[in-house]
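S.K.: This one is my_file-v8.cif, mmCIF, C-alpha atoms and all ligand atoms.
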data_run
#
loop_
_atom_site.label_atom_id
_atom_site.label_comp_id
_atom_site.auth_asym_id
_atom_site.auth_seq_id
_atom_site.Cartn_x
_atom_site.Cartn_y
_atom_site.Cartn_z
CA MET A 1 8.30 -44.21 26.17
CA ALA A 2 9.57 -41.80 28.77
CA GLY A 3 11.68 -41.47 31.88
CA HIS A 4 14.47 -43.98 31.26
CA MET A 5 17.25 -43.83 33.83
CA ALA A 6 20.62 -45.55 33.82
CA SER A 7 19.88 -49.20 33.19
CA THR A 8 21.77 -52.33 34.22
CA VAL A 9 20.61 -54.17 31.10
CA VAL A 10 23.27 -54.74 28.46
CA TYR A 11 21.64 -54.82 25.04
CA ASP A 12 22.97 -57.03 22.26
CA CYS A 13 22.48 -54.12 19.89
CA ILE A 14 21.45 -50.47 20.08
CA VAL A 15 20.43 -48.68 16.88
CA VAL A 16 20.48 -44.89 16.66
CA GLY A 17 18.01 -43.41 14.16
CA GLY A 18 14.43 -44.42 13.40
CA GLY A 19 14.59 -43.71 9.64
CA ILE A 20 14.43 -46.52 7.10
CA ILE A 21 18.05 -47.60 7.65
CA GLY A 22 17.93 -47.68 11.45
CA SER A 23 14.46 -49.24 11.48
CA GLY A 24 15.68 -51.83 8.95
CA ALA A 25 18.68 -52.67 11.17
CA ALA A 26 16.55 -52.84 14.33
CA TYR A 27 14.00 -55.08 12.61
CA GLN A 28 16.68 -57.48 11.39
CA MET A 29 18.44 -57.68 14.77
CA ALA A 30 15.23 -58.27 16.74
CA LYS A 31 14.04 -60.85 14.20
CA GLU A 32 17.26 -62.78 14.78
CA GLY A 33 16.49 -62.81 18.50
CA HIS A 34 18.97 -60.14 19.62
CA LYS A 35 17.94 -57.91 22.51
CA THR A 36 17.71 -54.61 20.63
CA LEU A 37 16.92 -50.98 21.48
CA LEU A 38 16.05 -48.42 18.78
CA LEU A 39 16.55 -44.75 19.75
CA GLU A 40 14.96 -41.92 17.76
CA GLN A 41 15.32 -38.25 18.68
CA PHE A 42 11.84 -37.18 17.48
CA SER A 43 8.36 -38.52 18.21
CA LEU A 44 7.42 -41.02 15.51
CA PRO A 45 6.23 -40.68 12.83
CA HIS A 46 8.00 -37.46 11.80
CA ALA A 47 8.87 -35.64 8.57
CA ARG A 48 12.15 -34.04 9.68
CA GLY A 49 14.58 -36.63 8.22
CA SER A 50 14.97 -38.34 4.85
CA SER A 51 12.56 -41.27 5.06
CA SER A 52 9.17 -39.54 5.21
CA GLY A 53 6.72 -39.33 2.32
CA PRO A 54 4.38 -41.62 0.45
CA SER A 55 6.70 -43.18 -2.18
CA ARG A 56 10.26 -44.11 -3.17
CA ILE A 57 11.51 -45.60 -6.43
CA ILE A 58 12.77 -49.17 -6.49
CA ARG A 59 14.59 -49.95 -9.72
CA ASN A 60 17.17 -52.16 -11.38
CA ALA A 61 18.46 -49.44 -13.69
CA TYR A 62 21.59 -48.13 -12.00
CA ALA A 63 24.89 -47.04 -13.48
CA GLU A 64 26.61 -48.68 -10.46
CA ASP A 65 26.50 -52.45 -10.72
CA HIS A 66 26.65 -52.97 -6.93
CA HIS A 67 23.41 -51.00 -6.49
CA SER A 68 21.62 -53.14 -8.98
CA ALA A 69 22.93 -56.25 -7.18
CA MET A 70 21.65 -54.92 -3.84
CA VAL A 71 18.23 -54.23 -5.33
CA GLN A 72 17.96 -57.86 -6.50
CA GLU A 73 18.69 -58.97 -2.97
CA VAL A 74 16.39 -56.53 -1.18
CA GLN A 75 13.39 -57.27 -3.43
CA LYS A 76 13.27 -60.68 -1.72
CA THR A 77 13.25 -59.05 1.73
CA TRP A 78 10.40 -56.68 0.83
CA GLU A 79 8.53 -59.67 -0.60
CA ASP A 80 9.03 -61.60 2.67
CA ILE A 81 7.76 -58.62 4.69
CA GLU A 82 4.72 -58.30 2.41
CA ARG A 83 3.97 -62.00 2.88
CA GLU A 84 4.53 -61.89 6.64
CA THR A 85 2.22 -58.91 7.12
CA ASN A 86 -0.22 -59.65 4.31
CA THR A 87 0.38 -56.13 2.95
CA THR A 88 1.25 -54.67 -0.43
CA LEU A 89 4.30 -52.43 -0.19
CA ARG A 90 5.38 -52.25 -3.84
CA ARG A 91 3.72 -51.13 -7.05
CA GLN A 92 5.28 -52.02 -10.39
CA THR A 93 4.94 -49.19 -12.91
CA GLY A 94 8.07 -49.50 -15.05
CA MET A 95 10.56 -46.66 -15.21
CA LEU A 96 11.68 -44.67 -18.25
CA VAL A 97 15.31 -43.57 -18.31
CA LEU A 98 15.74 -40.62 -20.66
CA ASN A 99 18.77 -38.68 -21.77
CA GLN A 100 18.84 -36.01 -24.42
CA ARG A 101 22.61 -36.41 -24.83
CA ARG A 102 23.51 -39.29 -27.13
CA ASN A 103 25.52 -42.04 -25.43
CA ALA A 104 25.85 -40.15 -22.14
CA GLU A 105 28.09 -42.09 -19.75
CA SER A 106 25.37 -42.56 -17.12
CA PHE A 107 22.89 -43.87 -19.68
CA VAL A 108 25.41 -46.25 -21.25
CA SER A 109 26.53 -47.64 -17.86
CA THR A 110 22.94 -48.09 -16.74
CA ARG A 111 22.13 -50.04 -19.88
CA GLN A 112 25.31 -52.11 -19.42
CA THR A 113 24.30 -53.02 -15.85
CA LEU A 114 20.91 -54.26 -17.06
CA VAL A 115 22.53 -56.31 -19.85
CA LYS A 116 25.21 -57.75 -17.57
CA ARG A 117 22.70 -58.82 -14.94
CA GLN A 118 20.23 -60.07 -17.57
CA LEU A 119 17.51 -57.85 -16.17
CA PRO A 120 14.47 -57.08 -18.32
CA PHE A 121 14.39 -53.76 -20.15
CA GLU A 122 13.23 -52.31 -23.44
CA ASP A 123 14.95 -49.78 -25.72
CA LEU A 124 12.56 -47.14 -27.03
CA THR A 125 12.86 -44.45 -29.68
CA THR A 126 11.40 -41.00 -28.93
CA GLN A 127 8.63 -41.76 -31.45
CA GLN A 128 7.73 -45.01 -29.68
CA LEU A 129 7.78 -43.17 -26.36
CA THR A 130 5.34 -40.47 -27.38
CA ALA A 131 3.10 -42.93 -29.26
CA ARG A 132 2.84 -45.05 -26.12
CA TYR A 133 2.44 -42.13 -23.73
CA PRO A 134 0.59 -39.37 -25.61
CA LEU A 135 0.48 -37.11 -22.55
CA MET A 136 4.28 -36.89 -22.52
CA SER A 137 5.88 -34.54 -25.01
CA TYR A 138 9.54 -35.13 -25.93
CA GLU A 139 10.77 -33.74 -29.22
CA GLY A 140 14.03 -34.41 -31.03
CA HIS A 141 16.39 -37.17 -30.04
CA TYR A 142 16.39 -38.88 -26.61
CA ASP A 143 18.22 -42.03 -25.62
CA CYS A 144 15.47 -43.96 -23.87
CA LEU A 145 14.97 -47.28 -22.13
CA MET A 146 12.27 -48.77 -19.96
CA ASP A 147 13.28 -50.66 -16.79
CA THR A 148 10.20 -52.89 -16.86
CA GLU A 149 10.51 -54.29 -13.32
CA ALA A 150 10.87 -50.87 -11.64
CA GLY A 151 8.17 -49.30 -9.53
CA PHE A 152 7.78 -47.68 -6.17
CA LEU A 153 7.59 -48.59 -2.52
CA ILE A 154 4.75 -47.22 -0.42
CA ALA A 155 7.32 -45.55 1.78
CA ASN A 156 5.36 -44.46 4.86
CA LYS A 157 3.86 -47.92 5.14
CA CYS A 158 7.29 -49.60 4.75
CA LEU A 159 8.76 -47.55 7.59
CA GLN A 160 5.79 -48.05 9.88
CA LEU A 161 5.76 -51.82 9.25
CA LEU A 162 9.47 -52.25 9.97
CA GLN A 163 8.97 -50.49 13.31
CA GLU A 164 5.87 -52.55 14.12
CA LEU A 165 7.62 -55.82 13.24
CA PHE A 166 10.64 -54.77 15.30
CA LYS A 167 8.39 -54.39 18.34
CA LYS A 168 6.55 -57.63 17.52
CA TYR A 169 9.92 -59.46 17.65
CA GLY A 170 10.55 -58.04 21.12
CA GLY A 171 12.51 -54.88 20.24
CA MET A 172 12.31 -51.77 22.45
CA LEU A 173 11.57 -48.52 20.61
CA HIS A 174 12.24 -45.23 22.43
CA ASP A 175 11.22 -42.23 20.35
CA GLY A 176 11.55 -38.62 21.48
CA GLU A 177 14.96 -39.55 22.93
CA LYS A 178 18.10 -38.01 21.47
CA VAL A 179 21.51 -39.65 21.71
CA THR A 180 23.85 -37.01 23.11
CA ARG A 181 27.11 -38.90 23.67
CA ILE A 182 28.68 -42.25 22.90
CA GLU A 183 31.42 -43.86 24.99
CA PRO A 184 33.03 -46.59 22.88
CA GLY A 185 34.44 -49.79 24.39
CA ARG A 186 33.87 -53.53 24.39
CA ILE A 187 30.59 -52.52 26.02
CA VAL A 188 29.45 -49.19 24.55
CA THR A 189 27.66 -46.65 26.74
CA VAL A 190 25.04 -44.56 24.96
CA HIS A 191 23.97 -41.34 26.71
CA THR A 192 20.63 -39.83 25.74
CA SER A 193 18.38 -36.93 26.70
CA LYS A 194 16.64 -39.31 29.12
CA GLY A 195 19.23 -41.73 30.45
CA GLN A 196 22.04 -44.06 29.49
CA TYR A 197 22.24 -47.57 28.06
CA LYS A 198 24.87 -50.24 27.53
CA THR A 199 25.31 -52.46 24.52
CA GLY A 200 27.71 -54.90 22.94
CA ALA A 201 27.03 -53.57 19.43
CA LEU A 202 25.98 -50.15 18.15
CA VAL A 203 24.54 -49.18 14.76
CA LEU A 204 24.61 -45.49 13.83
CA ALA A 205 22.04 -44.54 11.18
CA ALA A 206 21.47 -40.86 11.88
CA GLY A 207 20.78 -39.69 8.29
CA PRO A 208 21.37 -35.92 7.93
CA TRP A 209 22.63 -35.78 11.54
CA ALA A 210 25.38 -38.38 10.93
CA SER A 211 28.29 -35.93 11.16
CA GLU A 212 27.03 -34.59 14.49
CA LEU A 213 27.32 -38.10 16.00
CA LEU A 214 30.46 -39.18 14.16
CA LYS A 215 32.77 -36.22 14.72
CA PRO A 216 33.06 -36.76 18.50
CA LEU A 217 34.01 -40.36 17.66
CA GLY A 218 36.89 -39.08 15.50
CA VAL A 219 35.19 -39.87 12.18
CA HIS A 220 35.15 -36.93 9.78
CA LEU A 221 33.35 -37.77 6.55
CA PRO A 222 32.81 -35.45 3.57
CA LEU A 223 29.02 -35.47 3.96
CA LYS A 224 26.80 -32.64 2.81
CA VAL A 225 23.11 -32.22 3.55
CA TRP A 226 20.86 -30.80 0.83
CA LYS A 227 17.29 -29.65 0.94
CA VAL A 228 14.96 -31.09 -1.69
CA ASN A 229 11.52 -29.77 -2.69
CA VAL A 230 9.07 -32.42 -3.87
CA CYS A 231 6.34 -30.88 -6.04
CA TYR A 232 2.92 -32.28 -6.88
CA PHE A 233 1.31 -31.01 -10.10
CA LYS A 234 -2.43 -31.42 -10.56
CA GLU A 235 -3.82 -33.28 -13.56
CA LYS A 236 -6.07 -31.20 -15.84
CA VAL A 237 -8.18 -34.38 -16.24
CA HIS A 238 -8.31 -36.52 -13.10
CA SER A 239 -6.41 -39.85 -13.34
CA SER A 240 -5.03 -39.17 -16.83
CA TYR A 241 -1.49 -40.07 -15.68
CA VAL A 242 -2.41 -42.83 -13.26
CA ASN A 243 -1.01 -45.61 -15.45
CA TYR A 244 2.09 -43.74 -16.62
CA PRO A 245 5.52 -45.04 -15.67
CA ILE A 246 8.05 -43.44 -13.36
CA MET A 247 10.40 -41.26 -15.41
CA VAL A 248 14.00 -40.16 -14.83
CA ASP A 249 15.59 -37.63 -17.19
CA GLU A 250 19.17 -36.43 -16.82
CA VAL A 251 19.01 -32.63 -17.00
CA GLY A 252 22.03 -30.38 -16.52
CA GLU A 253 23.99 -31.36 -13.41
CA GLY A 254 21.14 -33.43 -11.99
CA PHE A 255 18.02 -35.31 -13.04
CA VAL A 256 14.30 -34.73 -12.99
CA TYR A 257 12.11 -37.61 -11.90
CA CYS A 258 8.37 -38.11 -11.65
CA PHE A 259 5.86 -40.64 -10.37
CA PRO A 260 2.40 -41.48 -11.77
CA SER A 261 -0.57 -39.89 -9.99
CA GLN A 262 -0.90 -42.54 -7.29
CA ASP A 263 0.48 -41.03 -4.03
CA TYR A 264 -2.22 -38.41 -4.03
CA PRO A 265 -4.83 -39.29 -6.70
CA GLY A 266 -5.02 -36.53 -9.30
CA TYR A 267 -1.48 -35.24 -8.70
CA MET A 268 1.84 -36.28 -10.22
CA LYS A 269 4.94 -36.08 -8.08
CA PHE A 270 8.10 -34.42 -9.47
CA GLY A 271 11.53 -33.83 -8.01
CA TYR A 272 14.75 -32.34 -9.34
CA HIS A 273 17.76 -34.21 -8.01
CA LEU A 274 20.10 -31.23 -8.06
CA LEU A 275 22.39 -30.46 -5.17
CA TRP A 276 22.14 -26.71 -4.85
CA ASP A 277 20.73 -25.85 -1.44
CA GLU A 278 22.99 -27.04 1.39
CA VAL A 279 21.32 -26.88 4.80
CA ASP A 280 21.77 -27.52 8.47
CA PRO A 281 19.25 -30.33 9.20
CA ASP A 282 18.05 -28.46 12.30
CA SER A 283 17.14 -25.39 10.20
CA ARG A 284 16.06 -27.04 6.95
CA ASP A 285 13.38 -24.51 6.08
CA LYS A 286 15.15 -21.32 7.11
CA TRP A 287 14.49 -18.92 4.27
CA THR A 288 17.19 -17.90 1.80
CA ASP A 289 16.51 -16.31 -1.59
CA LYS A 290 17.84 -19.38 -3.50
CA ARG A 291 15.02 -21.58 -2.29
CA GLN A 292 12.94 -21.42 -5.50
CA VAL A 293 15.54 -22.67 -8.00
CA ASP A 294 14.46 -26.31 -8.25
CA ILE A 295 10.76 -25.44 -8.11
CA ASP A 296 11.15 -22.97 -11.00
CA HIS A 297 13.03 -25.59 -12.96
CA LEU A 298 10.33 -28.20 -12.38
CA LYS A 299 7.61 -25.76 -13.45
CA SER A 300 9.26 -25.18 -16.81
CA TYR A 301 9.98 -28.93 -17.21
CA VAL A 302 6.32 -29.77 -16.62
CA ARG A 303 5.14 -27.02 -18.99
CA LYS A 304 7.40 -28.41 -21.71
CA HIS A 305 6.94 -32.16 -21.33
CA TYR A 306 3.69 -32.87 -19.45
CA PRO A 307 0.90 -30.89 -21.19
CA GLY A 308 -1.84 -32.66 -19.21
CA LEU A 309 -0.69 -31.08 -15.93
CA GLU A 310 -1.22 -27.65 -14.44
CA SER A 311 2.04 -25.71 -14.55
CA GLU A 312 2.09 -24.53 -10.91
CA PRO A 313 2.68 -27.14 -8.20
CA SER A 314 -0.32 -27.56 -5.88
CA ILE A 315 1.58 -29.25 -3.05
CA ILE A 316 5.24 -28.92 -2.03
CA GLU A 317 6.83 -31.29 0.47
CA LYS A 318 10.36 -31.03 1.83
CA CYS A 319 13.03 -33.62 2.38
CA MET A 320 16.83 -33.87 2.68
CA TYR A 321 19.56 -35.82 0.93
CA THR A 322 22.82 -36.60 2.75
CA CYS A 323 25.40 -36.94 0.01
CA THR A 324 28.98 -38.11 -0.37
CA PRO A 325 31.31 -36.90 -3.13
CA GLY A 326 30.42 -39.23 -6.02
CA GLU A 327 27.00 -39.86 -4.42
CA ASP A 328 27.66 -43.42 -3.39
CA ILE A 329 26.66 -44.74 0.04
CA ILE A 330 28.78 -45.48 3.14
CA ILE A 331 28.55 -48.75 5.07
CA ASP A 332 31.42 -49.60 7.40
CA THR A 333 32.58 -50.12 10.95
CA HIS A 334 34.32 -47.48 13.01
CA PRO A 335 38.04 -47.70 12.12
CA VAL A 336 39.04 -48.35 15.75
CA HIS A 337 35.89 -49.53 17.55
CA HIS A 338 34.69 -52.38 15.38
CA ASN A 339 31.48 -52.98 17.34
CA ILE A 340 30.19 -49.62 16.07
CA ALA A 341 28.74 -49.84 12.55
CA ILE A 342 28.07 -46.74 10.49
CA GLY A 343 25.53 -46.30 7.68
CA CYS A 344 25.25 -42.85 6.14
CA GLY A 345 25.56 -40.72 2.99
CA PHE A 346 22.72 -42.49 1.21
CA SER A 347 22.76 -39.74 -1.41
CA GLY A 348 19.09 -39.89 -2.39
CA LYS A 349 18.97 -43.62 -3.04
CA GLY A 350 18.98 -45.52 0.25
CA PHE A 351 15.30 -46.10 0.96
CA LYS A 352 14.68 -49.17 -1.13
CA MET A 353 17.67 -50.91 0.43
CA GLY A 354 16.72 -50.18 4.06
CA PRO A 355 16.23 -53.73 5.37
CA LEU A 356 19.26 -55.09 3.47
CA ILE A 357 21.59 -52.31 4.61
CA GLY A 358 20.14 -52.74 8.09
CA LYS A 359 21.11 -56.42 8.06
CA ILE A 360 24.64 -55.62 6.87
CA LEU A 361 25.08 -52.95 9.56
CA GLY A 362 23.76 -55.22 12.30
CA ASP A 363 26.09 -58.04 11.23
CA LEU A 364 29.07 -55.69 11.10
CA ALA A 365 28.42 -54.34 14.60
CA MET A 366 28.00 -57.87 15.97
CA GLY A 367 31.35 -58.86 14.45
CA LYS A 368 29.88 -61.15 11.78
CA PRO A 369 31.27 -60.93 8.26
CA PRO A 370 28.55 -59.33 6.12
CA LYS A 371 27.07 -61.53 3.42
CA TYR A 372 27.54 -58.67 0.99
CA ASP A 373 30.79 -57.28 -0.42
CA ILE A 374 31.05 -53.77 1.08
CA LYS A 375 34.46 -52.95 -0.38
CA PRO A 376 33.15 -50.35 -2.87
CA ILE A 377 31.17 -48.56 -0.18
CA ARG A 378 33.60 -48.44 2.76
CA MET A 379 34.77 -45.10 4.20
CA ASN A 380 38.40 -45.58 3.26
CA ARG A 381 37.59 -44.64 -0.34
CA PHE A 382 37.78 -41.03 0.84
CA MET A 383 41.56 -41.22 0.83
CA ASP A 384 42.17 -37.64 1.86
CA GLN A 385 39.94 -38.19 4.87
CA LYS A 386 41.84 -41.31 5.88
CA ALA A 387 44.44 -39.50 7.91
CA LYS A 388 41.74 -38.07 10.13
CA LEU A 389 40.03 -41.42 10.81
C1 LIG B 401 12.89 -36.32 -1.95
C2 LIG B 401 13.61 -37.61 -1.78
C3 LIG B 401 13.43 -38.61 -2.71
C4 LIG B 401 14.10 -39.82 -2.58
N1 LIG B 401 13.85 -40.80 -3.49
C5 LIG B 401 14.37 -42.02 -3.29
C6 LIG B 401 13.99 -43.08 -4.14
O1 LIG B 401 13.21 -42.90 -5.06
N2 LIG B 401 14.50 -44.32 -3.87
C7 LIG B 401 15.34 -44.55 -2.82
O2 LIG B 401 15.74 -45.70 -2.62
N3 LIG B 401 15.72 -43.55 -2.00
C8 LIG B 401 15.25 -42.30 -2.21
N4 LIG B 401 15.60 -41.27 -1.39
C9 LIG B 401 16.63 -41.48 -0.36
C10 LIG B 401 16.13 -42.15 0.86
O3 LIG B 401 14.85 -41.70 1.22
C11 LIG B 401 17.16 -41.92 1.96
O4 LIG B 401 18.43 -42.36 1.51
C12 LIG B 401 16.80 -42.68 3.23
O5 LIG B 401 15.51 -42.36 3.63
C13 LIG B 401 17.83 -42.36 4.31
O6 LIG B 401 17.39 -42.98 5.50
P1 LIG B 401 18.17 -42.80 6.86
O7 LIG B 401 17.54 -43.76 7.81
O8 LIG B 401 19.63 -42.86 6.61
O9 LIG B 401 17.90 -41.29 7.29
P2 LIG B 401 16.65 -40.63 8.03
O10 LIG B 401 15.37 -41.10 7.48
O11 LIG B 401 16.87 -39.17 8.08
O12 LIG B 401 16.75 -41.23 9.49
C14 LIG B 401 17.73 -40.82 10.41
C15 LIG B 401 17.04 -40.74 11.75
O13 LIG B 401 18.00 -40.59 12.76
C16 LIG B 401 17.45 -39.76 13.75
N5 LIG B 401 18.55 -39.21 14.56
C17 LIG B 401 19.56 -38.43 14.09
N6 LIG B 401 20.39 -38.11 15.11
C18 LIG B 401 19.90 -38.71 16.22
C19 LIG B 401 20.32 -38.73 17.56
N7 LIG B 401 21.38 -38.08 17.98
N8 LIG B 401 19.58 -39.45 18.45
C20 LIG B 401 18.48 -40.13 18.05
N9 LIG B 401 18.03 -40.11 16.76
C21 LIG B 401 18.73 -39.43 15.87
C22 LIG B 401 16.72 -38.70 12.94
O14 LIG B 401 15.77 -38.00 13.69
C23 LIG B 401 16.10 -39.55 11.84
O15 LIG B 401 14.81 -40.00 12.17
C24 LIG B 401 14.97 -40.03 -1.49
C25 LIG B 401 15.16 -39.03 -0.55
C26 LIG B 401 14.49 -37.82 -0.68
C27 LIG B 401 14.72 -36.75 0.32
#
How does the structure come out when it is put into structure tokens?

M.R.:
Amino acid sequence: MAGHMASTVVYDCIVVGGGIIGSGAAYQMAKEGHKTLLLEQFSLPHARGSSSGPSRIIRNAYAEDHHSAMVQEVQKTWEDIERETNTTLRRQTGMLVLNQRRNAESFVSTRQTLVKRQLPFEDLTTQQLTARYPLMSYEGHYDCLMDTEAGFLIANKCLQLLQELFKKYGGMLHDGEKVTRIEPGRIVTVHTSKGQYKTGALVLAAGPWASELLKPLGVHLPLKVWKVNVCYFKEKVHSSYVNYPIMVDEVGEGFVYCFPSQDYPGYMKFGYHLLWDEVDPDSRDKWTDKRQVDIDHLKSYVRKHYPGLESEPSIIEKCMYTCTPGEDIIIDTHPVHHNIAIGCGFSGKGFKMGPLIGKILGDLAMGKPPKYDIKPIRMNRFMDQKAKL
């Protein structure tokens, strides 16, 4: 859509950001019958933010209990969307959680969450692991469990469907329109590159650009944006890893994860969740000589543990994480202007929860108490930042 001037319409809700969180919020608000506008700075679809790509893990196995609880809740929403659109958005593959360190805190807490919530999982020895998956090679001791319900979301399709459903429920989607300034108030005025709009409730879901929007509103959060390289390694024999599970292995300061060869048949997807390459989201791919570190690490990981794959990646895709200290998410309202809800800092794990977080953000902005306890994920946990809020 183009050429929007100052409008006399007052929206019930405006959502900034057409990633999975903003699209989830917009979908939920429009579905409830609220007059909603979704603003996205780039033409859709785009691969400049954090929500692009063919797949994202959805799993129960989390060290943080509240994440596991949210996943239980959001599975029902994805199921409803699948039913409503007669589409398959999830594939169940199971997910192996590995850790070479015995009784590592993250592994123990993850196992405890699964036990506490009575979620299905299986403990495996390294011998059982390699007997079951002969094309994986892990020697010596590993703590290992299988989250049997885990799998992945077909991410591009999820995002596209949320936006289509939003429009089907009467929502207005303006892409290629950047929000440049926000004037808070009982009625908020949103200035963009093409015009200005008024709304009773505002949801900010700007992903890596969150700080740019929040600072002028007096909100200074300790967010950092990191570049991530996603590498696809080709199978030596086509489809040999197609029925393998997702795998997550804590390695050094981060963890390596991989997906079976389903996104792109014949290629397995690997990533190294290691925060080492901080970037400005507007110059994500600007060259620096550190840019190979995670790719080199993944190459040696694949050589060591996945003998059925070529050791050089054939395809490399880029993405960004927006992380908080402690890598937990932020969902809250603006400390002064309570009709502005803020969702950011999803720290590499927000995709699966998009429509649930969207519902919470929409409710918060509209002044409704959220159905979910957001205490652990509010901004005020960053105590040293509190004075600035
Ligand atoms: C490689 C990788 C792997 C991941 N794996 C998983 C996984 O397995 N499971 C999982 O659950 N999560 C995973 N994540 C995390 C998940 O993808 C992100 O947490 C999620 O996509 C964040 O969505 P978002 O909507 O907050 O951000 P984004 O998708 O970046 O959306 C923000 C949008 O706001 C727009 N915007 C910003 N500023 C403005 C403005 N001023 N005006 C208008 N529009 C604006 C941007 O253009 C962008 O489209 C992964 C992330 C990456 C990068």

S.K.: Of the candidates A:Tyr244, A:Tyr62, A:Trp78, A:Phe259, which shows the shortest atom-to-atom distance to A:Thr130, using all atoms listed in the file?

M.R.: A:Tyr244

S.K.: Pick the closest to A:Lys198 from A:Leu364, A:Met320, A:Leu37, A:Met379: which is it, counting only C-alpha atoms?

M.R.: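 Comparing A:Leu364, A:Met320, A:Leu37, A:Met379 against A:Lys198, the winner is A:Leu37.
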
S.K.: What does the distance between atom CA of A:Glu278 and atom CA of A:Lys224 come to in Å, to one decimal place?

M.R.: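 Computing the Euclidean distance for atom CA of A:Glu278 and atom CA of A:Lys224 yields 6.9 Å.
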
S.K.: Find the residues around A:Lys352 up to 9 Å (only C-alpha atoms counted), leave out those fewer than 2 positions away in its own chain, and share them as an NGL selection string.

M.R.: :A and (20 or 56-59 or 71 or 74-75 or 78 or 152-153 or 155 or 349-350 or 354-356)

S.K.: Grab me every residue within 7 Å of ligand LIG 401 (chain B), counting only C-alpha atoms and all ligand atoms, and send it over as a VMD selection string.

M.R.: chain A and resid 16 to 22 39 to 42 48 to 52 56 to 58 177 to 180 205 to 210 213 228 to 230 271 318 to 321 343 to 344 346 to 353

S.K.: Which residue is closest to A:Gly170? Choose from A:Asp328, A:Glu32, A:Glu235, A:Asp277 and count all atoms listed in the file.

M.R.: A:Glu32
